[in-house]
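input-v2.txt (compact mmCIF, C-alpha atoms and all ligand atoms)
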# COMPACT_ATOMS: atom_id res chain seq x y z
CA MET A 17 -20.21 -5.05 8.22
CA GLN A 18 -22.34 -6.00 11.19
CA GLU A 19 -23.85 -3.20 13.28
CA ALA A 20 -22.40 -4.63 16.51
CA SER A 21 -18.82 -4.72 15.24
CA LYS A 22 -19.20 -1.22 13.82
CA LYS A 23 -20.18 0.05 17.27
CA GLU A 24 -17.38 -1.97 18.83
CA ALA A 25 -14.79 -0.42 16.49
CA GLN A 26 -16.18 3.05 17.21
CA ARG A 27 -15.93 2.56 20.95
CA ILE A 28 -12.34 1.36 20.59
CA GLY A 29 -11.54 4.40 18.45
CA TYR A 30 -12.94 6.82 21.05
CA ALA A 31 -11.09 4.98 23.81
CA MET A 32 -7.82 5.26 21.95
CA VAL A 33 -8.15 8.96 21.23
CA GLY A 34 -9.32 9.59 24.81
CA GLY A 35 -6.33 7.71 26.23
CA LEU A 36 -3.99 9.57 23.91
CA ILE A 37 -5.23 13.03 24.88
CA ILE A 38 -5.52 12.40 28.62
CA GLY A 39 -2.12 10.65 28.56
CA LEU A 40 -0.50 13.68 26.97
CA VAL A 41 -2.11 15.95 29.55
CA ILE A 42 -0.82 13.75 32.38
CA HIS A 43 2.64 13.81 30.78
CA SER A 44 2.63 17.57 30.52
CA ILE A 45 1.73 18.05 34.20
CA GLY A 46 4.40 15.49 35.21
CA LYS A 47 2.10 13.02 37.00
CA ALA A 48 2.90 9.90 34.97
CA GLU A 49 3.41 7.75 38.08
CA TYR A 50 -0.34 7.89 38.86
CA VAL A 51 -1.04 5.90 35.72
CA ASN A 52 0.56 2.89 37.43
CA TYR A 53 -2.58 2.51 39.54
CA ILE A 54 -4.73 1.69 36.54
CA LYS A 55 -2.10 0.13 34.30
CA PRO A 56 -2.97 -3.43 35.49
CA ILE A 57 -6.29 -3.07 33.61
CA GLY A 58 -4.38 -2.73 30.32
CA THR A 59 -2.04 -5.57 31.23
CA ALA A 60 -5.01 -7.78 32.10
CA PHE A 61 -6.61 -7.05 28.71
CA ILE A 62 -3.46 -8.14 26.86
CA SER A 63 -3.12 -11.20 29.11
CA PHE A 64 -6.69 -12.32 28.33
CA LEU A 65 -6.03 -11.92 24.61
CA LYS A 66 -2.84 -13.95 24.95
CA MET A 67 -4.81 -16.60 26.81
CA VAL A 68 -6.80 -17.33 23.65
CA ILE A 69 -3.86 -17.42 21.23
CA VAL A 70 -2.56 -20.95 21.85
CA PRO A 71 -5.91 -22.81 21.84
CA LEU A 72 -7.14 -20.70 18.92
CA VAL A 73 -4.08 -21.13 16.70
CA PHE A 74 -3.71 -24.81 17.48
CA SER A 75 -7.34 -25.71 16.86
CA SER A 76 -8.05 -23.38 13.96
CA ILE A 77 -5.05 -24.42 11.86
CA TYR A 78 -5.80 -28.07 12.55
CA MET A 79 -9.43 -27.58 11.53
CA ALA A 80 -8.43 -25.62 8.44
CA MET A 81 -6.22 -28.57 7.43
CA THR A 82 -8.91 -31.17 7.91
CA ASN A 83 -11.49 -29.03 6.10
CA LEU A 84 -9.18 -28.49 3.15
CA GLY A 85 -9.62 -32.16 2.39
CA THR A 86 -6.30 -32.91 0.72
CA PRO A 87 -2.63 -32.07 1.30
CA GLU A 88 -2.62 -30.64 -2.25
CA ALA A 89 -5.20 -28.02 -1.29
CA LEU A 90 -3.00 -27.08 1.64
CA GLY A 91 -0.03 -26.81 -0.71
CA SER A 92 -1.97 -24.53 -3.03
CA MET A 93 -3.05 -22.21 -0.23
CA GLY A 94 0.38 -22.32 1.39
CA ARG A 95 2.17 -21.38 -1.83
CA LYS A 96 -0.16 -18.45 -2.42
CA ALA A 97 0.23 -17.21 1.14
CA VAL A 98 4.01 -17.50 1.15
CA GLY A 99 4.18 -15.85 -2.29
CA TYR A 100 2.12 -12.95 -0.95
CA TYR A 101 4.34 -12.63 2.15
CA PHE A 102 7.51 -12.50 0.07
CA VAL A 103 6.28 -10.00 -2.46
CA THR A 104 4.72 -7.59 0.03
CA THR A 105 7.63 -7.76 2.46
CA ALA A 106 10.01 -6.93 -0.40
CA ILE A 107 7.82 -4.00 -1.44
CA ALA A 108 7.75 -2.73 2.15
CA VAL A 109 11.54 -2.81 2.43
CA PHE A 110 11.77 -1.07 -0.92
CA PHE A 111 9.55 1.77 0.36
CA GLY A 112 11.75 2.02 3.45
CA LEU A 113 14.96 2.22 1.44
CA VAL A 114 13.56 4.82 -0.94
CA PHE A 115 12.39 7.16 1.82
CA VAL A 116 15.46 6.84 4.02
CA ASN A 117 17.68 7.64 1.03
CA LEU A 118 15.51 10.58 0.06
CA ILE A 119 15.06 12.10 3.52
CA ASN A 120 18.50 11.20 4.95
CA PRO A 121 17.28 11.39 8.57
CA GLY A 122 20.61 10.27 10.08
CA VAL A 123 22.85 12.84 8.45
CA GLY A 124 24.15 15.24 11.07
CA ILE A 125 22.65 13.38 14.07
CA SER A 126 24.74 13.62 17.24
CA LEU A 127 26.15 10.30 18.37
CA GLY A 128 26.06 11.35 22.00
CA SER A 129 23.28 8.99 22.96
CA ALA A 130 24.60 5.97 21.07
CA GLY A 131 26.14 3.07 22.92
CA LEU A 132 25.43 -0.39 24.16
CA GLN A 133 25.73 0.96 27.67
CA ASP A 134 22.41 2.69 26.97
CA LEU A 135 20.72 -0.60 26.24
CA SER A 136 19.23 -2.67 28.99
CA GLN A 137 21.51 -5.54 30.00
CA ASP A 138 19.09 -8.13 28.66
CA LEU A 139 18.81 -6.46 25.27
CA ALA A 140 22.57 -5.90 25.05
CA THR A 141 23.20 -9.63 25.56
CA LYS A 142 20.69 -10.54 22.87
CA VAL A 143 22.18 -8.02 20.47
CA ASN A 144 25.63 -9.49 20.98
CA GLU A 145 24.39 -13.01 20.34
CA ASN A 146 23.82 -12.54 16.62
CA LYS A 147 24.87 -15.39 14.33
CA GLY A 148 25.17 -13.89 10.88
CA LEU A 149 22.93 -14.38 7.87
CA LEU A 150 23.26 -18.11 7.18
CA GLY A 151 23.18 -18.96 10.88
CA THR A 152 19.95 -17.01 11.22
CA ILE A 153 18.28 -18.74 8.27
CA ILE A 154 19.23 -22.16 9.66
CA ASP A 155 18.05 -21.13 13.12
CA VAL A 156 14.66 -20.01 11.80
CA PHE A 157 14.11 -23.36 10.06
CA LEU A 158 15.38 -25.56 12.87
CA GLY A 159 13.61 -23.45 15.45
CA ALA A 160 10.28 -24.12 13.73
CA ILE A 161 10.44 -27.86 14.39
CA PRO A 162 8.56 -28.68 17.58
CA THR A 163 10.88 -31.16 19.31
CA ASN A 164 8.42 -31.29 22.18
CA PRO A 165 4.93 -30.13 21.14
CA ALA A 166 3.76 -29.95 24.75
CA GLU A 167 6.55 -27.50 25.43
CA SER A 168 5.69 -25.49 22.30
CA LEU A 169 2.11 -25.18 23.55
CA ALA A 170 3.19 -24.43 27.11
CA THR A 171 5.64 -21.71 26.10
CA GLY A 172 3.39 -20.32 23.35
CA ASN A 173 5.91 -20.81 20.52
CA ILE A 174 3.50 -19.93 17.72
CA LEU A 175 5.67 -21.02 14.78
CA GLN A 176 6.19 -24.47 16.31
CA ILE A 177 2.48 -24.73 17.15
CA ILE A 178 1.63 -23.92 13.53
CA VAL A 179 4.01 -26.59 12.23
CA PHE A 180 2.65 -29.15 14.69
CA SER A 181 -1.00 -28.46 13.88
CA ILE A 182 -0.32 -28.58 10.13
CA ILE A 183 1.38 -31.96 10.52
CA MET A 184 -1.37 -33.35 12.76
CA GLY A 185 -4.01 -31.99 10.38
CA ILE A 186 -2.39 -33.79 7.45
CA VAL A 187 -2.14 -37.01 9.46
CA ALA A 188 -5.85 -36.69 10.26
CA LEU A 189 -6.59 -36.37 6.54
CA TYR A 190 -4.88 -39.68 5.87
CA LEU A 191 -6.44 -41.48 8.85
CA LYS A 192 -9.98 -40.33 7.94
CA GLU A 193 -12.64 -41.56 10.42
CA LYS A 194 -10.02 -42.84 12.85
CA ALA A 195 -9.24 -39.20 13.59
CA ASP A 196 -12.91 -38.24 14.14
CA PRO A 197 -12.78 -37.94 17.96
CA VAL A 198 -9.84 -35.51 17.76
CA ASN A 199 -11.50 -33.58 14.91
CA LYS A 200 -14.59 -33.11 17.07
CA LEU A 201 -12.57 -32.01 20.05
CA MET A 202 -10.55 -29.54 17.98
CA GLY A 203 -13.73 -28.19 16.38
CA SER A 204 -15.15 -27.49 19.85
CA ILE A 205 -11.95 -25.87 21.08
CA GLU A 206 -11.97 -23.63 18.04
CA GLU A 207 -15.60 -22.56 18.54
CA MET A 208 -15.02 -21.94 22.23
CA SER A 209 -11.89 -19.86 21.54
CA LEU A 210 -13.75 -17.68 19.05
CA TYR A 211 -16.65 -17.22 21.46
CA LEU A 212 -14.19 -16.25 24.15
CA THR A 213 -12.54 -13.71 21.84
CA HIS A 214 -15.87 -11.97 21.39
CA GLY A 215 -16.25 -11.83 25.17
CA ILE A 216 -12.79 -10.34 25.68
CA MET A 217 -13.48 -7.76 22.97
CA LYS A 218 -16.18 -6.29 25.17
CA PHE A 219 -13.37 -5.07 27.42
CA ALA A 220 -11.29 -3.73 24.54
CA PRO A 221 -12.30 -0.06 24.93
CA ILE A 222 -11.26 0.13 28.58
CA GLY A 223 -8.12 -1.97 27.98
CA ILE A 224 -7.02 0.13 25.04
CA PHE A 225 -7.84 3.39 26.82
CA VAL A 226 -5.49 2.43 29.65
CA LEU A 227 -2.74 1.17 27.34
CA MET A 228 -2.72 4.41 25.36
CA LEU A 229 -2.86 6.49 28.51
CA ASP A 230 0.17 4.66 29.86
CA VAL A 231 2.31 5.02 26.73
CA MET A 232 1.49 8.68 26.23
CA ALA A 233 1.91 9.68 29.87
CA LYS A 234 5.32 8.05 30.02
CA SER A 235 6.76 8.81 26.60
CA GLY A 236 9.61 11.28 26.55
CA THR A 237 8.84 14.11 24.20
CA SER A 238 12.46 15.30 24.10
CA ALA A 239 13.60 12.10 22.37
CA ILE A 240 10.74 12.48 19.93
CA ALA A 241 11.85 16.01 19.04
CA SER A 242 15.50 15.13 18.39
CA LEU A 243 14.62 12.10 16.28
CA SER A 244 11.69 13.70 14.49
CA LYS A 245 13.15 13.27 11.00
CA TYR A 246 13.78 9.58 11.63
CA ILE A 247 10.29 9.09 13.06
CA ALA A 248 8.80 10.90 10.07
CA THR A 249 10.75 8.70 7.62
CA VAL A 250 9.46 5.51 9.23
CA ILE A 251 5.88 6.76 9.43
CA VAL A 252 5.78 8.10 5.86
CA GLY A 253 7.20 4.79 4.58
CA LEU A 254 4.65 2.81 6.59
CA LEU A 255 1.83 5.00 5.39
CA CYS A 256 2.79 4.55 1.73
CA HIS A 257 2.96 0.81 2.17
CA ALA A 258 -0.41 0.75 3.95
CA ILE A 259 -1.99 2.76 1.12
CA PHE A 260 -0.51 0.34 -1.41
CA LEU A 261 -1.93 -2.63 0.54
CA LEU A 262 -5.29 -0.90 0.81
CA PHE A 263 -5.57 -0.59 -2.95
CA VAL A 264 -4.53 -4.19 -3.46
CA ALA A 265 -7.21 -5.30 -0.98
CA SER A 266 -9.80 -3.04 -2.53
CA ALA A 267 -9.08 -4.38 -6.02
CA ARG A 268 -9.16 -8.04 -4.96
CA LEU A 269 -12.27 -7.74 -2.77
CA LYS A 270 -14.00 -5.37 -5.20
CA LYS A 271 -15.04 -3.13 -2.33
CA SER A 272 -14.16 0.48 -1.50
CA PRO A 273 -11.04 1.24 0.57
CA LEU A 274 -13.33 2.72 3.22
CA PHE A 275 -15.23 -0.54 3.54
CA ILE A 276 -11.95 -2.34 4.14
CA ILE A 277 -10.66 0.16 6.69
CA LYS A 278 -13.93 -0.01 8.60
CA GLY A 279 -13.85 -3.80 8.51
CA VAL A 280 -10.39 -4.05 10.04
CA SER A 281 -10.48 -0.99 12.28
CA ALA A 282 -10.86 -2.99 15.51
CA PRO A 283 -7.73 -5.13 14.90
CA LEU A 284 -5.75 -2.13 13.65
CA LEU A 285 -6.55 -0.07 16.74
CA THR A 286 -5.78 -3.04 18.95
CA ALA A 287 -2.45 -3.58 17.16
CA PHE A 288 -1.60 0.09 17.63
CA SER A 289 -2.27 0.04 21.33
CA THR A 290 -0.82 -3.38 22.18
CA SER A 291 2.19 -3.39 19.77
CA SER A 292 1.69 -7.12 19.40
CA SER A 293 0.47 -8.90 16.26
CA ALA A 294 0.08 -12.07 18.30
CA ALA A 295 -2.14 -10.50 20.94
CA THR A 296 -4.22 -8.95 18.15
CA LEU A 297 -4.58 -12.23 16.24
CA PRO A 298 -7.90 -13.41 17.76
CA ILE A 299 -9.47 -10.05 16.90
CA THR A 300 -8.04 -10.04 13.37
CA MET A 301 -9.48 -13.49 12.77
CA THR A 302 -13.00 -12.55 13.71
CA ALA A 303 -12.82 -9.22 11.83
CA VAL A 304 -11.71 -10.54 8.42
CA GLU A 305 -14.27 -13.30 8.56
CA GLU A 306 -17.25 -11.39 9.87
CA ASN A 307 -16.66 -7.97 8.35
CA LEU A 308 -14.83 -8.67 5.12
CA GLY A 309 -16.36 -12.03 4.24
CA VAL A 310 -13.06 -13.90 3.92
CA ARG A 311 -13.73 -17.64 3.93
CA ARG A 312 -13.14 -19.22 7.28
CA ASP A 313 -10.57 -21.78 6.24
CA THR A 314 -8.45 -19.18 4.50
CA ALA A 315 -8.51 -16.91 7.54
CA LYS A 316 -7.72 -19.78 9.88
CA PHE A 317 -4.64 -20.79 7.96
CA VAL A 318 -3.29 -17.56 6.51
CA LEU A 319 -3.68 -15.29 9.55
CA PRO A 320 -1.76 -17.20 12.25
CA LEU A 321 1.03 -17.90 9.77
CA GLY A 322 1.04 -14.26 8.68
CA ALA A 323 1.09 -12.94 12.24
CA THR A 324 4.20 -15.01 12.82
CA ILE A 325 6.25 -14.56 9.67
CA ASN A 326 4.70 -11.76 7.62
CA MET A 327 5.77 -8.43 9.11
CA ASP A 328 5.84 -5.73 6.45
CA GLY A 329 5.99 -2.92 8.99
CA THR A 330 8.90 -4.46 10.86
CA ALA A 331 10.83 -5.15 7.64
CA LEU A 332 10.39 -1.55 6.50
CA TYR A 333 11.35 -0.27 9.93
CA GLU A 334 14.52 -2.36 10.08
CA SER A 335 15.74 -1.16 6.70
CA VAL A 336 15.16 2.49 7.63
CA ALA A 337 16.77 2.06 11.04
CA ALA A 338 19.87 0.36 9.62
CA ILE A 339 20.50 3.09 7.06
CA PHE A 340 19.71 5.76 9.62
CA ILE A 341 22.43 4.31 11.88
CA ALA A 342 24.89 4.17 8.98
CA GLN A 343 24.15 7.80 8.16
CA ALA A 344 24.55 8.84 11.79
CA TYR A 345 27.98 7.16 11.95
CA GLY A 346 28.95 8.71 8.62
CA ILE A 347 29.30 5.27 7.00
CA ASP A 348 28.65 5.33 3.28
CA LEU A 349 26.69 2.27 2.17
CA GLY A 350 27.00 1.33 -1.46
CA ILE A 351 24.22 -0.19 -3.51
CA GLY A 352 25.58 -3.70 -2.82
CA GLN A 353 25.27 -3.22 0.90
CA GLN A 354 21.82 -1.75 0.54
CA VAL A 355 20.81 -4.89 -1.33
CA ILE A 356 22.10 -6.96 1.59
CA ILE A 357 20.07 -4.77 3.95
CA PHE A 358 17.09 -5.40 1.70
CA MET A 359 17.48 -9.16 2.19
CA THR A 360 18.42 -9.19 5.84
CA ALA A 361 15.66 -6.77 6.84
CA SER A 362 13.12 -9.13 5.28
CA LEU A 363 14.68 -12.06 7.07
CA ALA A 364 14.92 -10.23 10.38
CA ALA A 365 11.20 -9.47 10.11
CA ILE A 366 10.40 -13.15 9.53
CA GLY A 367 12.48 -14.05 12.57
CA ALA A 368 10.95 -11.37 14.82
CA ALA A 369 8.41 -12.60 17.33
CA ALA A 370 4.97 -10.99 17.19
CA ILE A 371 5.46 -9.23 20.51
CA PRO A 372 6.38 -5.67 21.53
CA GLY A 373 9.97 -4.69 20.81
CA ALA A 374 10.90 -7.87 18.93
CA GLY A 375 11.97 -5.95 15.84
CA LEU A 376 14.58 -4.06 17.82
CA ILE A 377 16.27 -7.30 18.84
CA THR A 378 16.43 -8.75 15.33
CA MET A 379 17.96 -5.44 14.16
CA SER A 380 21.29 -6.94 15.18
CA ILE A 381 21.06 -9.37 12.23
CA VAL A 382 20.79 -6.51 9.78
CA LEU A 383 23.49 -4.39 11.37
CA SER A 384 26.04 -7.16 11.78
CA THR A 385 25.64 -8.50 8.25
CA VAL A 386 26.69 -5.20 6.72
CA GLY A 387 29.20 -4.45 9.46
CA LEU A 388 27.39 -1.55 11.10
CA PRO A 389 28.06 -0.87 14.80
CA LEU A 390 25.57 -2.69 17.04
CA GLU A 391 25.90 0.20 19.49
CA GLY A 392 23.89 2.20 16.95
CA ILE A 393 20.76 0.56 18.36
CA GLY A 394 21.23 2.87 21.34
CA LEU A 395 20.44 5.77 19.01
CA ILE A 396 16.95 4.60 18.16
CA LEU A 397 16.02 2.94 21.44
CA ALA A 398 14.21 5.94 22.90
CA VAL A 399 11.58 6.03 20.18
CA ASP A 400 11.29 2.30 19.50
CA ARG A 401 8.17 1.85 21.61
CA LEU A 402 6.43 4.61 19.72
CA LEU A 403 7.41 3.29 16.29
CA ASP A 404 6.50 -0.24 17.34
CA MET A 405 2.88 0.89 17.53
CA PHE A 406 2.94 2.06 13.93
CA ARG A 407 4.85 -0.89 12.49
CA THR A 408 2.69 -3.43 14.32
CA THR A 409 -0.43 -1.79 12.85
CA VAL A 410 1.03 -2.23 9.36
CA ASN A 411 2.06 -5.81 10.20
CA VAL A 412 -1.52 -6.65 11.13
CA PHE A 413 -2.93 -4.83 8.13
CA GLY A 414 -0.56 -6.79 5.86
CA ASP A 415 -1.83 -10.04 7.37
CA ALA A 416 -5.47 -9.05 6.92
CA VAL A 417 -4.89 -8.02 3.30
CA GLY A 418 -3.02 -11.31 2.80
CA THR A 419 -6.14 -13.30 3.68
CA ILE A 420 -8.19 -11.24 1.24
CA VAL A 421 -5.66 -11.75 -1.55
CA VAL A 422 -5.14 -15.48 -0.94
CA ASP A 423 -8.88 -16.05 -0.60
CA SER A 424 -9.54 -14.24 -3.86
CA PHE A 425 -7.09 -16.51 -5.67
CA LEU A 426 -8.67 -19.72 -4.40
CA ASP A 427 -11.59 -21.14 -6.29
CA ASP A 428 -14.46 -22.95 -4.61
CA SER A 429 -13.10 -26.39 -5.43
CA GLU A 430 -10.03 -25.61 -3.35
CA ILE A 431 -11.90 -24.59 -0.25
CA HIS A 432 -15.00 -25.65 1.63
CA ARG A 433 -16.07 -22.82 3.90
N1 LIG B 501 5.73 -5.63 17.70
C1 LIG B 501 5.80 -6.17 16.38
C2 LIG B 501 4.63 -7.11 16.17
O1 LIG B 501 4.11 -7.69 17.09
C3 LIG B 501 7.09 -6.84 16.09
C4 LIG B 501 8.19 -5.81 16.11
O2 LIG B 501 8.73 -5.51 17.18
O3 LIG B 501 8.48 -5.23 15.06
O4 LIG B 501 4.19 -7.29 15.06

Would you kindly transcribe this structure into structure tokens?
Amino acid sequence: MQEASKKEAQRIGYAMVGGLIIGLVIHSIGKAEYVNYIKPIGTAFISFLKMVIVPLVFSSIYMAMTNLGTPEALGSMGRKAVGYYFVTTAIAVFFGLVFVNLINPGVGISLGSAGLQDLSQDLATKVNENKGLLGTIIDVFLGAIPTNPAESLATGNILQIIVFSIIMGIVALYLKEKADPVNKLMGSIEEMSLYLTHGIMKFAPIGIFVLMLDVMAKSGTSAIASLSKYIATVIVGLLCHAIFLLFVASARLKKSPLFIIKGVSAPLLTAFSTSSSAATLPITMTAVEENLGVRRDTAKFVLPLGATINMDGTALYESVAAIFIAQAYGIDLGIGQQVIIFMTASLAAIGAAAIPGAGLITMSIVLSTVGLPLEGIGLILAVDRLLDMFRTTVNVFGDAVGTIVVDSFLDDSEIHR
């Protein structure tokens, strides 16, 4: 790992802990409103990261395609990546189901705070809009087709951008030298986006300090206390899954777990403080390449796709939350229904956008498929922001490990850089 990125990760770590402690102090003396004066610094940091996402994803996937050389090589990498996503998401949900059934965090919870009236109007509308299992699968597929690529780029629809750049990359492979001018342009955009990411990272400590300060100063500790068993179930499940991923990564990369944690500490801390896999993506890309030695073309293809559809933390969270709600309402779920939760939680995670709070919205898919009351979301709303930080960190870690695993299964003939 390079000395500079080690220092960078250390600075981010100190900033996070500093923000956490000072935020808690501000919360305890009841002066949370003062944080609003500096909050724009944190918002600006996230906005700059978001600024890089579209040009970076578009150009890097396109370049990965053209470097792969043949559509078959793309197929090989794609199959491995999707296989990894499926297996690890299933394992994550399994961990969630095991712990929630062991700990039973919802048994005996008071339903006093449940109710759609507790949800914000916007969220309540989205929750009511659910379309059932099949409808959701169809929506995910149809929604990935970029009917107007300019609109996909303008609105930052990452899944559509990925599909468009894969298609354009394949076309470029067939057209060979006729596509050279675009290849050159895309290559430059990619280099410029990566350079820019390094620049933005210089502001990460201050940005993350402010983001942590804001969350801690404003988080309600009373909600945390009453839902402590539920919070503990989610965190223990996430931790177990993260440890499992760590060992997989360590075995495939043939490096110590500590080496891996150090290598991805900057993206993990950023994921924790921003609660957005998408905003963290530029940082994850540079970290796996520069610190863990993942080949560039693997990182360029596997990471953006992973950030969009591979969300182990969210899948685990949704399965725990659904069973927690069932327990709180005294609804007994049989094994058949738990299997349905297993499938829908994985699907809901694929459908969730890589932004803060997205997992809470797709919860409605899980709840409605097994006939649980949607109002139950009101029960977990108060601590969703907090748990989002943890699940996003695991989402990003799962993506990083995915690049290591896929890269380790590709031989040199399948990849150039
Ligand atoms: N915030 C998560 C992410 O960006 C998605 C979620 O809400 O679970 O990965």

Task: atom CA of Ala361 of chain A to atom CA of Val410 of chain A, straight-line distance in Å - done: 15.5 Å

Task: Nearby polymer residues, ligand LIG 501 (chain B), at most 10 Å, all atoms listed in the file, as a PyMOL selection string - done: chain A and resi 287-288+290-297+322-334+364-379+400-401+403-412

TODO: Identify which of the residues A:Gly418, A:Ser335, A:Thr249, A:Gly346 lies closest to Pro121 of chain A, counting all atoms listed in the file when measuring atom-to-atom distances.
DONE: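 Closest to Pro121 of chain A of all the choices is A:Thr249.
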
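Candidate residues A:Val336, A:Leu321, A:Leu158, A:Ile357 were compared for distance to Gly387 of chain A, and the nearest is A:Ile357, using only C-alpha atoms.
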
Task: Minimum-distance residue to Pro273 of chain A, chosen among A:Val417, A:Val250, A:Ser384, A:Val98 (using all atoms listed in the file) - done: A:Val417

Open item on the list: One number please: atom CA of Asp423 of chain A to atom CA of Phe358 of chain A, in Å, one decimal.
Closed with: 28.2 Å
